[in-house]
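Chemist: To start, I am sharing the structure in question, which I have written as structure tokens.
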Amino acid sequence: MQMRSRRQERLDGERGRIRFMRIVVMYDLPVADAQDRHEYSRFRQFLVGDGYTRLQNSVYTRLAVDTKNAEAAISRLKASLPEAGLVQVLRVSEASFCSMLTLCGSPSDEGHFVTGEDFIVL
């Protein structure tokens, strides 16, 4: 009979679970001329079309079900990069994303605070 460590049992139990994570894309693109604005618009439209939602100006986020799904989304993102500007990508766990604090100077009618309870798991 083979003895299994607690660590191995825990890892085996976690393999069947879905491990949600977030991809956060932050970008600063030039908009000096018509061509720059066209590239900016094309990149933003790509983000929306690929399932990203706007968190704030030039910051978009997308849910990924696991690391493989996140890597595929990042590959598509790399293929759609504009020629100029800066694009940064951050991968965080869904738990870390849900613990984000939203601070604002005064309440507004433009939106609401997003918490983990606002999402529907399908």
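Labels for the structure tokens follow display order: chains A, B, ..., residues from 1 in each chain, ligands from 1.
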Quick one: residues within 12 Å of Ser41 in chain A, only C-alpha atoms, excluding same-chain residues fewer than 4 positions away - as a list in words?

Modeler: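 Contacts, in chain order: Leu29, Pro30, Val31, Ala34, Gln35, Asp36, Arg37, Gln45, Phe46, Leu47, Val48, Ser58, Ser80, Leu81 and Pro82 of chain A.
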
Chemist: Take the selection from the previous step and output its residues with N, CA and C atoms, as a PDB file, in the first residue's frame.

Modeler:
ATOM      1  N   LEU A  29      -1.754  54.979 -24.807  1.00  0.00           N
ATOM      2  CA  LEU A  29      -1.479  55.027 -26.245  1.00  0.00           C
ATOM      3  C   LEU A  29      -1.523  56.460 -26.743  1.00  0.00           C
ATOM      4  N   PRO A  30      -0.687  56.792 -27.730  1.00  0.00           N
ATOM      5  CA  PRO A  30      -0.696  58.162 -28.274  1.00  0.00           C
ATOM      6  C   PRO A  30      -1.973  58.423 -29.072  1.00  0.00           C
ATOM      7  N   VAL A  31      -2.429  59.676 -29.022  1.00  0.00           N
ATOM      8  CA  VAL A  31      -3.607  60.092 -29.801  1.00  0.00           C
ATOM      9  C   VAL A  31      -3.328  61.433 -30.488  1.00  0.00           C
ATOM     10  N   ALA A  34      -4.577  61.468 -36.530  1.00  0.00           N
ATOM     11  CA  ALA A  34      -5.695  60.611 -36.915  1.00  0.00           C
ATOM     12  C   ALA A  34      -5.304  59.129 -36.905  1.00  0.00           C
ATOM     13  N   GLN A  35      -4.106  58.801 -37.365  1.00  0.00           N
ATOM     14  CA  GLN A  35      -3.656  57.404 -37.371  1.00  0.00           C
ATOM     15  C   GLN A  35      -3.546  56.858 -35.943  1.00  0.00           C
ATOM     16  N   ASP A  36      -3.007  57.665 -35.036  1.00  0.00           N
ATOM     17  CA  ASP A  36      -2.906  57.249 -33.626  1.00  0.00           C
ATOM     18  C   ASP A  36      -4.286  56.993 -33.031  1.00  0.00           C
ATOM     19  N   ARG A  37      -5.222  57.887 -33.308  1.00  0.00           N
ATOM     20  CA  ARG A  37      -6.582  57.729 -32.778  1.00  0.00           C
ATOM     21  C   ARG A  37      -7.249  56.482 -33.351  1.00  0.00           C
ATOM     22  N   GLN A  45     -11.554  48.509 -29.228  1.00  0.00           N
ATOM     23  CA  GLN A  45     -12.589  47.644 -29.779  1.00  0.00           C
ATOM     24  C   GLN A  45     -12.189  46.171 -29.681  1.00  0.00           C
ATOM     25  N   PHE A  46     -10.905  45.871 -29.873  1.00  0.00           N
ATOM     26  CA  PHE A  46     -10.436  44.500 -29.681  1.00  0.00           C
ATOM     27  C   PHE A  46     -10.707  44.054 -28.246  1.00  0.00           C
ATOM     28  N   LEU A  47     -10.344  44.897 -27.272  1.00  0.00           N
ATOM     29  CA  LEU A  47     -10.541  44.532 -25.862  1.00  0.00           C
ATOM     30  C   LEU A  47     -12.009  44.214 -25.568  1.00  0.00           C
ATOM     31  N   VAL A  48     -12.887  45.076 -26.002  1.00  0.00           N
ATOM     32  CA  VAL A  48     -14.321  44.871 -25.762  1.00  0.00           C
ATOM     33  C   VAL A  48     -14.799  43.606 -26.469  1.00  0.00           C
ATOM     34  N   SER A  58      -8.670  53.599 -19.704  1.00  0.00           N
ATOM     35  CA  SER A  58      -7.475  52.876 -20.132  1.00  0.00           C
ATOM     36  C   SER A  58      -7.111  51.699 -19.236  1.00  0.00           C
ATOM     37  N   SER A  80      -2.694  41.742 -31.081  1.00  0.00           N
ATOM     38  CA  SER A  80      -3.464  42.937 -31.425  1.00  0.00           C
ATOM     39  C   SER A  80      -2.852  44.229 -30.904  1.00  0.00           C
ATOM     40  N   LEU A  81      -1.608  44.177 -30.462  1.00  0.00           N
ATOM     41  CA  LEU A  81      -0.966  45.375 -29.910  1.00  0.00           C
ATOM     42  C   LEU A  81      -0.818  46.462 -30.966  1.00  0.00           C
ATOM     43  N   PRO A  82      -1.057  47.712 -30.587  1.00  0.00           N
ATOM     44  CA  PRO A  82      -0.781  48.815 -31.506  1.00  0.00           C
ATOM     45  C   PRO A  82       0.727  49.004 -31.660  1.00  0.00           C
TER      46      PRO A  82
END

Chemist: Choose the residue, out of A:Glu94, A:Met100, A:Gly49, A:Asp28, that has the smallest atom-to-atom separation from Ala64 in chain A; count only C-alpha atoms.

Modeler: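 The answer is A:Glu94, which sits nearest to Ala64 in chain A.
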
Chemist: Just the number, please: distance in Å from CA of Gly85 in chain A to CA of Arg42 in chain A, one decimal.

Modeler: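 Taking CA of Gly85 in chain A and CA of Arg42 in chain A, their separation equals 13.4 Å.
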
Chemist: Please measure the separation of CA of Leu90 in chain A and CA of Thr67 in chain A, giving the value in Å to one decimal.

Modeler: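 Result for CA of Leu90 in chain A versus CA of Thr67 in chain A: 12.6 Å, one decimal.
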
Chemist: What does the distance from CA of Phe20 in chain A to CA of Thr102 in chain A come to in Å, to one decimal?

Modeler: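 Atom-to-atom, CA of Phe20 in chain A to CA of Thr102 in chain A, that is 20.8 Å.
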